[in-house]
file run.pdb (PDB, C-alpha atoms)
ATOM      1  CA  MET A   1      78.337  99.740 142.167
ATOM      2  CA  SER A   2      77.397  96.154 141.213
ATOM      3  CA  THR A   3      76.896  95.058 137.670
ATOM      4  CA  SER A   4      74.386  92.581 136.386
ATOM      5  CA  PRO A   5      75.475  89.395 134.568
ATOM      6  CA  GLU A   6      73.750  90.678 131.456
ATOM      7  CA  SER A   7      76.013  93.746 131.299
ATOM      8  CA  GLU A   8      79.149  91.580 131.524
ATOM      9  CA  GLN A   9      78.071  89.110 128.814
ATOM     10  CA  PRO A  10      78.949  91.299 125.750
ATOM     11  CA  VAL A  11      82.529  91.669 127.034
ATOM     12  CA  GLU A  12      82.921  87.896 127.212
ATOM     13  CA  ASP A  13      81.543  87.530 123.663
ATOM     14  CA  VAL A  14      83.779  90.185 122.130
ATOM     15  CA  GLU A  15      87.135  89.013 123.487
ATOM     16  CA  PRO A  16      87.153  85.504 121.934
ATOM     17  CA  ALA A  17      86.024  86.926 118.572
ATOM     18  CA  ALA A  18      88.727  89.587 118.632
ATOM     19  CA  GLN A  19      91.536  87.067 119.116
ATOM     20  CA  PRO A  20      91.071  85.211 115.775
ATOM     21  CA  ASN A  21      90.783  88.545 113.954
ATOM     22  CA  ALA A  22      93.995  89.792 115.541
ATOM     23  CA  LEU A  23      95.784  86.544 114.710
ATOM     24  CA  ARG A  24      94.540  86.665 111.107
ATOM     25  CA  GLY A  25      95.697  90.270 110.748
ATOM     26  CA  LEU A  26      99.115  89.338 112.147
ATOM     27  CA  LEU A  27      99.465  86.436 109.702
ATOM     28  CA  VAL A  28      98.391  88.577 106.745
ATOM     29  CA  ASN A  29     100.845  91.336 107.664
ATOM     30  CA  GLY A  30     103.605  88.779 108.161
ATOM     31  CA  PHE A  31     102.909  87.288 104.723
ATOM     32  CA  LYS A  32     103.037  90.757 103.144
ATOM     33  CA  VAL A  33     106.404  91.394 104.791
ATOM     34  CA  LEU A  34     107.775  88.072 103.532
ATOM     35  CA  VAL A  35     106.581  88.750  99.969
ATOM     36  CA  THR A  36     108.069  92.248 100.066
ATOM     37  CA  LEU A  37     111.412  90.936 101.311
ATOM     38  CA  ALA A  38     111.401  88.201  98.666
ATOM     39  CA  ILE A  39     110.800  90.771  95.919
ATOM     40  CA  VAL A  40     113.565  93.038  97.252
ATOM     41  CA  VAL A  41     116.042  90.148  97.390
ATOM     42  CA  ALA A  42     115.040  88.968  93.895
ATOM     43  CA  ILE A  43     115.458  92.469  92.442
ATOM     44  CA  ILE A  44     118.852  92.985  94.112
ATOM     45  CA  PHE A  45     120.021  89.629  92.762
ATOM     46  CA  ALA A  46     118.679  90.447  89.272
ATOM     47  CA  VAL A  47     120.349  93.867  89.143
ATOM     48  CA  LYS A  48     123.645  92.494  90.472
ATOM     49  CA  SER A  49     123.766  89.642  87.973
ATOM     50  CA  GLN A  50     122.732  91.870  85.073
ATOM     51  CA  TRP A  51     125.297  94.537  85.945
ATOM     52  CA  SER A  52     128.159  92.043  85.926
ATOM     53  CA  GLU A  53     127.134  90.982  82.420
ATOM     54  CA  VAL A  54     126.434  94.398  80.956
ATOM     55  CA  LYS A  55     128.694  96.908  82.705
ATOM     56  CA  ASN A  56     131.070  97.194  79.728
ATOM     57  CA  THR A  57     128.194  97.882  77.324
ATOM     58  CA  ILE A  58     126.559 100.413  79.653
ATOM     59  CA  THR A  59     129.783 102.370  80.196
ATOM     60  CA  GLU A  60     130.311 102.641  76.424
ATOM     61  CA  LEU A  61     126.839 104.138  75.776
ATOM     62  CA  ASN A  62     126.280 107.897  75.728
ATOM     63  CA  TRP A  63     124.422 109.300  78.704
ATOM     64  CA  TRP A  64     121.798 110.877  76.471
ATOM     65  CA  THR A  65     121.117 107.468  74.886
ATOM     66  CA  LEU A  66     120.508 105.937  78.297
ATOM     67  CA  ALA A  67     118.361 108.893  79.369
ATOM     68  CA  ALA A  68     116.261 108.890  76.201
ATOM     69  CA  SER A  69     115.806 105.108  76.385
ATOM     70  CA  SER A  70     114.659 105.392  80.000
ATOM     71  CA  VAL A  71     112.130 108.070  79.050
ATOM     72  CA  PHE A  72     110.575 105.774  76.451
ATOM     73  CA  ILE A  73     110.413 102.939  78.987
ATOM     74  CA  PHE A  74     108.487 105.189  81.371
ATOM     75  CA  LEU A  75     106.199 106.295  78.530
ATOM     76  CA  GLY A  76     105.570 102.660  77.635
ATOM     77  CA  MET A  77     104.727 101.882  81.243
ATOM     78  CA  GLY A  78     102.291 104.787  81.263
ATOM     79  CA  ALA A  79     100.584 103.403  78.157
ATOM     80  CA  ALA A  80     100.368  99.965  79.809
ATOM     81  CA  VAL A  81      98.716 101.535  82.872
ATOM     82  CA  ARG A  82      96.134 103.212  80.636
ATOM     83  CA  ALA A  83      95.433  99.866  78.952
ATOM     84  CA  TRP A  84      94.940  98.275  82.389
ATOM     85  CA  GLN A  85      92.588 101.071  83.418
ATOM     86  CA  HIS A  86      90.513 100.764  80.216
ATOM     87  CA  ALA A  87      90.293  96.987  80.672
ATOM     88  CA  LEU A  88      88.901  97.514  84.178
ATOM     89  CA  GLY A  89      86.444 100.082  82.821
ATOM     90  CA  ALA A  90      85.302  97.692  80.098
ATOM     91  CA  LEU A  91      84.557  95.118  82.810
ATOM     92  CA  GLU A  92      82.335  97.600  84.660
ATOM     93  CA  GLN A  93      85.016  98.147  87.307
ATOM     94  CA  PRO A  94      86.235 101.707  86.621
ATOM     95  CA  ILE A  95      88.849 103.049  89.011
ATOM     96  CA  PRO A  96      90.805 106.326  89.069
ATOM     97  CA  ALA A  97      94.045 106.498  87.111
ATOM     98  CA  PHE A  98      96.002 106.922  90.342
ATOM     99  CA  ASP A  99      94.712 103.618  91.767
ATOM    100  CA  ALA A 100      95.222 101.849  88.444
ATOM    101  CA  ALA A 101      98.832 103.044  88.257
ATOM    102  CA  ARG A 102      99.592 102.024  91.826
ATOM    103  CA  ALA A 103      98.143  98.519  91.412
ATOM    104  CA  TYR A 104      99.836  97.943  88.064
ATOM    105  CA  LEU A 105     103.285  99.372  88.820
ATOM    106  CA  VAL A 106     103.675  97.828  92.272
ATOM    107  CA  GLY A 107     102.256  94.538  91.033
ATOM    108  CA  GLN A 108     104.783  94.428  88.187
ATOM    109  CA  LEU A 109     107.580  93.967  90.724
ATOM    110  CA  GLY A 110     106.202  90.496  91.408
ATOM    111  CA  LYS A 111     107.455  89.239  88.053
ATOM    112  CA  TYR A 112     111.000  89.174  89.438
ATOM    113  CA  LEU A 113     110.008  86.241  91.617
ATOM    114  CA  PRO A 114     110.292  82.767  90.039
ATOM    115  CA  GLY A 115     107.071  82.336  88.082
ATOM    116  CA  SER A 116     105.769  85.528  86.470
ATOM    117  CA  VAL A 117     102.265  84.799  87.796
ATOM    118  CA  TRP A 118     103.215  86.606  91.005
ATOM    119  CA  ALA A 119     102.784  89.915  89.202
ATOM    120  CA  PHE A 120      99.196  89.027  88.369
ATOM    121  CA  VAL A 121      98.499  87.881  91.938
ATOM    122  CA  LEU A 122      99.810  91.149  93.362
ATOM    123  CA  GLN A 123      97.850  93.254  90.880
ATOM    124  CA  THR A 124      94.664  91.390  91.793
ATOM    125  CA  GLU A 125      95.210  92.050  95.489
ATOM    126  CA  LEU A 126      96.239  95.681  95.051
ATOM    127  CA  VAL A 127      93.288  96.584  92.835
ATOM    128  CA  ARG A 128      91.000  95.160  95.515
ATOM    129  CA  ARG A 129      91.974  98.110  97.691
ATOM    130  CA  ALA A 130      90.406 100.378  95.078
ATOM    131  CA  GLY A 131      87.041  98.684  95.567
ATOM    132  CA  VAL A 132      87.303  95.957  92.928
ATOM    133  CA  SER A 133      86.360  92.468  94.099
ATOM    134  CA  ARG A 134      89.027  89.776  94.008
ATOM    135  CA  ALA A 135      87.138  87.845  91.310
ATOM    136  CA  ALA A 136      86.675  90.933  89.129
ATOM    137  CA  GLY A 137      90.305  91.894  89.619
ATOM    138  CA  PHE A 138      91.449  88.438  88.588
ATOM    139  CA  VAL A 139      89.296  88.513  85.450
ATOM    140  CA  ALA A 140      90.602  92.012  84.664
ATOM    141  CA  VAL A 141      94.160  90.698  84.881
ATOM    142  CA  LEU A 142      93.308  87.860  82.499
ATOM    143  CA  VAL A 143      91.665  90.256  80.037
ATOM    144  CA  THR A 144      94.596  92.669  80.194
ATOM    145  CA  VAL A 145      97.116  89.881  79.634
ATOM    146  CA  GLY A 146      95.024  88.615  76.732
ATOM    147  CA  LEU A 147      94.734  92.031  75.085
ATOM    148  CA  SER A 148      98.414  92.751  75.706
ATOM    149  CA  THR A 149      99.373  89.417  74.135
ATOM    150  CA  THR A 150      97.088  90.068  71.155
ATOM    151  CA  SER A 151      98.608  93.482  70.503
ATOM    152  CA  ALA A 152     102.131  92.082  70.986
ATOM    153  CA  LEU A 153     101.490  89.383  68.385
ATOM    154  CA  VAL A 154     100.163  91.952  65.898
ATOM    155  CA  VAL A 155     103.012  94.409  66.486
ATOM    156  CA  GLY A 156     105.414  91.475  66.544
ATOM    157  CA  LEU A 157     104.643  90.704  62.906
ATOM    158  CA  PHE A 158     107.257  93.354  62.132
ATOM    159  CA  GLY A 159     109.816  91.162  63.890
ATOM    160  CA  LEU A 160     108.983  87.899  62.125
ATOM    161  CA  PRO A 161     112.247  87.853  60.114
ATOM    162  CA  ALA A 162     114.165  87.871  63.386
ATOM    163  CA  LEU A 163     111.948  85.196  64.904
ATOM    164  CA  PHE A 164     112.507  82.940  61.877
ATOM    165  CA  GLU A 165     116.220  83.146  62.715
ATOM    166  CA  VAL A 166     115.522  81.879  66.233
ATOM    167  CA  SER A 167     112.869  79.266  65.488
ATOM    168  CA  THR A 168     110.843  78.626  62.333
ATOM    169  CA  ALA A 169     108.223  76.782  64.377
ATOM    170  CA  ALA A 170     107.809  79.771  66.713
ATOM    171  CA  ALA A 171     107.454  82.175  63.769
ATOM    172  CA  VAL A 172     104.816  79.969  62.142
ATOM    173  CA  GLY A 173     103.109  79.711  65.518
ATOM    174  CA  VAL A 174     102.873  83.514  65.709
ATOM    175  CA  ILE A 175     101.321  83.679  62.240
ATOM    176  CA  ILE A 176      98.720  81.112  63.308
ATOM    177  CA  LEU A 177      98.037  82.732  66.692
ATOM    178  CA  VAL A 178      97.444  86.278  65.376
ATOM    179  CA  PRO A 179      93.985  85.624  63.831
ATOM    180  CA  ILE A 180      92.978  83.438  66.796
ATOM    181  CA  ALA A 181      93.956  86.172  69.254
ATOM    182  CA  LEU A 182      92.086  88.822  67.256
ATOM    183  CA  VAL A 183      88.936  86.677  67.234
ATOM    184  CA  CYS A 184      89.179  86.198  71.017
ATOM    185  CA  ALA A 185      89.587  89.990  71.428
ATOM    186  CA  TYR A 186      86.428  90.639  69.386
ATOM    187  CA  PRO A 187      83.972  92.050  71.990
ATOM    188  CA  PRO A 188      81.105  89.512  71.540
ATOM    189  CA  VAL A 189      83.569  86.618  71.806
ATOM    190  CA  LEU A 190      85.507  88.242  74.649
ATOM    191  CA  THR A 191      82.223  88.846  76.507
ATOM    192  CA  ARG A 192      81.450  85.118  76.363
ATOM    193  CA  LEU A 193      84.950  84.274  77.600
ATOM    194  CA  VAL A 194      84.700  86.753  80.481
ATOM    195  CA  ASN A 195      81.266  85.461  81.521
ATOM    196  CA  LEU A 196      82.628  81.907  81.424
ATOM    197  CA  ALA A 197      85.462  82.926  83.745
ATOM    198  CA  LEU A 198      83.011  84.648  86.086
ATOM    199  CA  LYS A 199      80.808  81.561  86.069
ATOM    200  CA  LEU A 200      83.750  79.375  87.069
ATOM    201  CA  LEU A 201      84.456  81.837  89.887
ATOM    202  CA  ARG A 202      80.762  81.671  90.887
ATOM    203  CA  ARG A 203      80.198  85.347  90.231
ATOM    204  CA  THR A 204      77.409  87.096  88.374
ATOM    205  CA  PRO A 205      78.007  87.712  84.655
ATOM    206  CA  LEU A 206      78.536  91.145  83.136
ATOM    207  CA  HIS A 207      75.442  93.327  83.149
ATOM    208  CA  LYS A 208      76.037  94.294  79.533
ATOM    209  CA  PRO A 209      78.345  93.069  76.766
ATOM    210  CA  LEU A 210      81.788  94.547  76.234
ATOM    211  CA  THR A 211      81.837  97.347  73.695
ATOM    212  CA  MET A 212      84.119  97.756  70.711
ATOM    213  CA  HIS A 213      85.059 101.272  71.842
ATOM    214  CA  LYS A 214      86.447 100.254  75.238
ATOM    215  CA  ILE A 215      88.214  97.136  74.007
ATOM    216  CA  ALA A 216      89.728  99.090  71.111
ATOM    217  CA  LEU A 217      91.048 101.680  73.577
ATOM    218  CA  ALA A 218      92.682  98.992  75.711
ATOM    219  CA  LEU A 219      94.181  97.313  72.638
ATOM    220  CA  GLY A 220      95.409 100.640  71.300
ATOM    221  CA  TRP A 221      97.182 101.537  74.529
ATOM    222  CA  CYS A 222      98.729  98.057  74.683
ATOM    223  CA  ALA A 223     100.048  98.483  71.149
ATOM    224  CA  ALA A 224     101.362 101.935  72.033
ATOM    225  CA  SER A 225     103.314 100.473  74.943
ATOM    226  CA  TRP A 226     105.002  97.906  72.666
ATOM    227  CA  VAL A 227     105.926 100.590  70.136
ATOM    228  CA  LEU A 228     107.409 102.809  72.845
ATOM    229  CA  TYR A 229     109.370  99.915  74.316
ATOM    230  CA  GLY A 230     110.688  99.096  70.846
ATOM    231  CA  ILE A 231     111.853 102.674  70.345
ATOM    232  CA  GLN A 232     113.963 102.468  73.504
ATOM    233  CA  LEU A 233     115.726  99.390  72.120
ATOM    234  CA  TRP A 234     116.246 101.156  68.791
ATOM    235  CA  LEU A 235     117.841 104.113  70.558
ATOM    236  CA  LEU A 236     120.293 101.778  72.282
ATOM    237  CA  ALA A 237     121.043  99.916  69.056
ATOM    238  CA  SER A 238     121.480 103.139  67.100
ATOM    239  CA  SER A 239     124.535 103.969  69.174
ATOM    240  CA  SER A 240     126.278 101.105  67.332
ATOM    241  CA  ALA A 241     124.341 100.659  64.091
ATOM    242  CA  GLY A 242     123.085 104.156  63.276
ATOM    243  CA  PHE A 243     119.534 105.430  62.992
ATOM    244  CA  GLU A 244     117.886 103.259  60.343
ATOM    245  CA  ILE A 245     114.134 102.960  59.815
ATOM    246  CA  ARG A 246     114.487  99.265  59.013
ATOM    247  CA  GLY A 247     116.226  98.820  62.335
ATOM    248  CA  LEU A 248     113.400 100.660  64.111
ATOM    249  CA  VAL A 249     110.775  98.346  62.630
ATOM    250  CA  GLN A 250     112.828  95.281  63.569
ATOM    251  CA  CYS A 251     113.369  96.521  67.132
ATOM    252  CA  ILE A 252     109.676  97.248  67.694
ATOM    253  CA  GLY A 253     108.571  93.862  66.423
ATOM    254  CA  ALA A 254     111.334  91.898  68.118
ATOM    255  CA  LEU A 255     110.888  93.486  71.521
ATOM    256  CA  ALA A 256     107.115  92.936  71.401
ATOM    257  CA  LEU A 257     107.587  89.261  70.561
ATOM    258  CA  GLY A 258     110.437  88.834  73.032
ATOM    259  CA  MET A 259     108.592  90.355  75.980
ATOM    260  CA  CYS A 260     105.400  88.508  75.068
ATOM    261  CA  ALA A 261     107.275  85.202  74.965
ATOM    262  CA  GLY A 262     108.934  86.098  78.264
ATOM    263  CA  VAL A 263     105.510  86.437  79.924
ATOM    264  CA  LEU A 264     104.229  83.168  78.451
ATOM    265  CA  VAL A 265     107.359  81.301  79.575
ATOM    266  CA  PHE A 266     106.488  81.997  83.203
ATOM    267  CA  VAL A 267     108.790  79.417  84.790
ATOM    268  CA  VAL A 268     111.715  81.856  84.714
ATOM    269  CA  PRO A 269     111.726  85.275  86.444
ATOM    270  CA  SER A 270     110.686  87.996  84.003
ATOM    271  CA  GLY A 271     111.318  85.685  81.038
ATOM    272  CA  ILE A 272     115.115  85.893  81.345
ATOM    273  CA  GLY A 273     116.822  84.565  78.233
ATOM    274  CA  VAL A 274     113.723  84.322  76.055
ATOM    275  CA  ARG A 275     113.545  88.029  75.267
ATOM    276  CA  GLU A 276     117.268  88.264  74.612
ATOM    277  CA  ALA A 277     117.240  85.450  72.030
ATOM    278  CA  VAL A 278     114.686  87.263  69.856
ATOM    279  CA  ILE A 279     116.368  90.657  70.264
ATOM    280  CA  VAL A 280     119.817  89.336  69.344
ATOM    281  CA  ALA A 281     118.367  87.788  66.183
ATOM    282  CA  ALA A 282     116.741  91.114  65.290
ATOM    283  CA  LEU A 283     119.932  93.111  65.819
ATOM    284  CA  SER A 284     122.367  90.632  64.263
ATOM    285  CA  PRO A 285     121.927  91.962  60.679
ATOM    286  CA  PHE A 286     123.110  95.371  61.880
ATOM    287  CA  MET A 287     125.946  94.444  64.260
ATOM    288  CA  ASP A 288     128.054  91.685  65.726
ATOM    289  CA  ALA A 289     126.107  89.102  67.742
ATOM    290  CA  GLY A 290     128.203  89.838  70.844
ATOM    291  CA  VAL A 291     127.364  93.544  70.668
ATOM    292  CA  ALA A 292     123.700  92.704  70.088
ATOM    293  CA  LEU A 293     123.643  90.507  73.197
ATOM    294  CA  GLY A 294     125.237  93.291  75.230
ATOM    295  CA  LEU A 295     122.565  95.756  74.076
ATOM    296  CA  ALA A 296     119.784  93.256  74.801
ATOM    297  CA  LEU A 297     121.096  92.829  78.339
ATOM    298  CA  ALA A 298     121.508  96.602  78.705
ATOM    299  CA  SER A 299     117.872  97.023  77.675
ATOM    300  CA  ARG A 300     116.788  94.507  80.313
ATOM    301  CA  LEU A 301     118.813  96.276  83.006
ATOM    302  CA  LEU A 302     117.232  99.627  82.102
ATOM    303  CA  PHE A 303     113.792  98.019  82.274
ATOM    304  CA  THR A 304     114.585  96.606  85.702
ATOM    305  CA  LEU A 305     115.795  99.937  87.095
ATOM    306  CA  CYS A 306     112.852 101.866  85.637
ATOM    307  CA  GLU A 307     110.294  99.334  86.882
ATOM    308  CA  VAL A 308     111.808  99.345  90.366
ATOM    309  CA  PHE A 309     111.831 103.136  90.467
ATOM    310  CA  ALA A 310     108.225 103.381  89.254
ATOM    311  CA  GLY A 311     107.072 100.627  91.623
ATOM    312  CA  VAL A 312     108.724 102.217  94.658
ATOM    313  CA  VAL A 313     107.263 105.640  93.835
ATOM    314  CA  ALA A 314     103.831 104.081  93.331
ATOM    315  CA  ALA A 315     104.091 102.223  96.647
ATOM    316  CA  LEU A 316     105.146 105.357  98.541
ATOM    317  CA  SER A 317     102.300 107.302  96.952
ATOM    318  CA  GLY A 318      99.877 105.203  98.984
ATOM    319  CA  SER A 319     100.210 107.669 101.861
ATOM    320  CA  ARG A 320      97.079 109.766 102.315
ATOM    321  CA  GLY A 321      98.881 113.091 102.336
ATOM    322  CA  LEU A 322     100.903 112.548  99.176
ATOM    323  CA  ARG A 323      97.972 111.040  97.317
ATOM    324  CA  ASN A 324      95.628 113.908  98.145
ATOM    325  CA  ALA A 325      98.266 116.395  97.045
ATOM    326  CA  LEU A 326      98.697 114.745  93.642
ATOM    327  CA  VAL A 327      95.320 113.513  92.457
ATOM    328  CA  HIS A 328      91.909 114.850  91.548
ATOM    329  CA  GLU A 329      89.366 115.399  94.311
ATOM    330  CA  ARG A 330      87.394 112.275  93.307
ATOM    331  CA  SER A 331      90.427 110.082  93.948
ATOM    332  CA  ARG A 332      91.348 111.490  97.344
ATOM    333  CA  VAL A 333      91.258 109.544 100.581
ATOM    334  CA  PRO A 334      89.047 111.089 103.272
ATOM    335  CA  ASP A 335      90.705 112.069 106.506
ATOM    336  CA  PRO A 336      88.761 110.450 109.419
ATOM    337  CA  THR A 337      89.901 113.174 111.829
ATOM    338  CA  LYS A 338      87.943 115.728 109.798
ATOM    339  CA  ALA A 339      84.741 113.707 109.593
TER     340      ALA A 339
END

call {"tool": "encode", "arguments": {"input": "run.pdb", "output": "structure tokens"}}
result
Amino acid sequence: MSTSPESEQPVEDVEPAAQPNALRGLLVNGFKVLVTLAIVVAIIFAVKSQWSEVKNTITELNWWTLAASSVFIFLGMGAAVRAWQHALGALEQPIPAFDAARAYLVGQLGKYLPGSVWAFVLQTELVRRAGVSRAAGFVAVLVTVGLSTTSALVVGLFGLPALFEVSTAAAVGVIILVPIALVCAYPPVLTRLVNLALKLLRRTPLHKPLTMHKIALALGWCAASWVLYGIQLWLLASSSAGFEIRGLVQCIGALALGMCAGVLVFVVPSGIGVREAVIVAALSPFMDAGVALGLALASRLLFTLCEVFAGVVAALSGSRGLRNALVHERSRVPDPTKA
């Protein structure tokens, strides 16, 4: 049977168009593999270097102290995920908790690469899979970082005595930044800042202003995460200094300031060194500086292990079968074979 030239024409049109798409997909997948390998190598290097510095401190701690500290790290991560989800909801981009957790926890692994901005890049890309545009995801990351920094500065006021020991200028800077951060987090002001960011990205502004209720929820969950993280440090420190309320307050404030400073000093992976300086100053009144440094490094190692575990679990949960078995019906992925 002969075919007309018209019937052959669509085949000739499709093949050239398919080649660039296939090449683009191959390049994208190759880039994802390279980023994944880079993160794995960075994490292995971080864990190895931290273990060599902290193995003596870790082996001297009680197992229940390590277990309880790890639990509070996971609880703090859960609070941070809720803050991220509420920030997305405030920006008119609500997504299920499962998708929010996966984007946040997997994205956090990017901070182990040089330059902590990689975590924000990964979170922006991962949240796009949940239906959020790249521009909206980027703005959501900025808002979340801003609210997290604001809450860290407020909670960090409890750790000001320790910060004065490290740097008087930094402590005064925190006192100055707290009211500025709170003003920027005020919904009418934050709405203007978000719309300015969207304008620069050539996207439409928010349909309605941010509400106090949603922003307060995000701020509250951010603050809760800092408090929970501080408790884990206090549990570690209590193994050497005893359970003192004054120590708890110092640990909460110092860890909030230390981790906040570690994010802002993005030229080093995960703010290595910055967090420890503030923590050692906070713990020095209760113990020897060498012991305090060992506990600060032990805290970082626990954070690394917990974040890796949570990120790997979140990444594996992307499979359709596991996801549908764990989440609510509204968050399930449809099976095309049953359509």

call {"tool": "atom_distance", "arguments": {"input": "run.pdb", "atom1": "atom CA of Ile279 of chain A", "atom2": "atom CA of Val121 of chain A"}}
result
28.2 Å

call {"tool": "resolve_selection", "arguments": {"input": "run.pdb", "expression": "the PyMOL selection byres ((chain A and resi 166) around 12)", "output": "MDAnalysis selection string"}}
result
chainID A and resid 159:165 167:172 254 257:258 274:282 284

call {"tool": "residues_around", "arguments": {"input": "run.pdb", "residues": "Ala68 of chain A", "least_positions_apart": "4", "cutoff": "9 Å", "atoms": "all atoms listed in the file", "output": "short mmCIF file (atom, residue, chain, number, x, y, z; two decimals) with C-alpha atoms, in the frame of the given file"}}
result
data_model
loop_
_atom_site.label_atom_id
_atom_site.label_comp_id
_atom_site.auth_asym_id
_atom_site.auth_seq_id
_atom_site.Cartn_x
_atom_site.Cartn_y
_atom_site.Cartn_z
CA TRP A 63 124.42 109.30 78.70
CA TRP A 64 121.80 110.88 76.47
CA PHE A 72 110.58 105.77 76.45
CA ILE A 73 110.41 102.94 78.99
CA GLN A 232 113.96 102.47 73.50
CA LEU A 235 117.84 104.11 70.56
#

call {"tool": "resolve_selection", "arguments": {"input": "run.pdb", "expression": "the PyMOL selection byres ((chain A and resi 140-154) around 6)", "output": "PyMOL selection string"}}
result
chain A and resi 88+137-139+155-157+178+181+219+222-223+256

call {"tool": "atom_distance", "arguments": {"input": "run.pdb", "atom1": "atom CA of Arg82 of chain A", "atom2": "atom CA of Ala224 of chain A"}}
result
10.1 Å

call {"tool": "resolve_selection", "arguments": {"input": "run.pdb", "expression": "the PyMOL selection byres ((chain A and resi 93) around 10)", "output": "ChimeraX atom specification"}}
result
/A:85-92,94-95,130-133,136-137,140

call {"tool": "atom_distance", "arguments": {"input": "run.pdb", "atom1": "atom CA of Ala79 of chain A", "atom2": "atom CA of Ser225 of chain A"}}
result
5.1 Å

call {"tool": "residues_near_point", "arguments": {"input": "run.pdb", "point": "(107.9, 101.0, 78.2)", "cutoff": "12 Å", "atoms": "only C-alpha atoms", "output": "PyMOL selection string"}}
result
chain A and resi 68-81+105+221-233+252+255-256+259+299-300+302-307+310

call {"tool": "closest_residue", "arguments": {"input": "run.pdb", "among": "A:Ala314, A:Leu248, A:Ala67, A:Thr204", "to": "Asp99 of chain A", "atoms": "all atoms listed in the file"}}
result
A:Ala314

call {"tool": "closest_residue", "arguments": {"input": "run.pdb", "among": "A:Leu316, A:Ala185, A:Val194, A:Ala97", "to": "Ala218 of chain A", "atoms": "only C-alpha atoms"}}
result
A:Ala185

call {"tool": "closest_residue", "arguments": {"input": "run.pdb", "among": "A:Leu126, A:Val54, A:Ala135, A:Val117", "to": "Ala101 of chain A", "atoms": "all atoms listed in the file"}}
result
A:Leu126

call {"tool": "residues_near_point", "arguments": {"input": "run.pdb", "point": "(84.3, 90.7, 74.7)", "cutoff": "10 Å", "atoms": "only C-alpha atoms", "output": "list in words"}}
result
Ala90, Leu91, Val143, Val183, Cys184, Ala185, Tyr186, Pro187, Pro188, Val189, Leu190, Thr191, Arg192, Leu193, Val194, Asn195, Pro209, Leu210, Thr211, Met212, Lys214 and Ile215 of chain A

call {"tool": "axis_aligned_box", "arguments": {"input": "run.pdb", "around": "segment 182-193 of chain A", "padding_each_side": "3 Å", "output": "lines of an AutoDock Vina configuration file"}}
result
center_x = 86.6
center_y = 88.2
center_z = 72.4
size_x = 17.0
size_y = 13.8
size_z = 16.4

call {"tool": "closest_residue", "arguments": {"input": "run.pdb", "among": "A:Arg246, A:Ser239, A:Leu293, A:Leu283", "to": "Thr65 of chain A", "atoms": "all atoms listed in the file"}}
result
A:Ser239
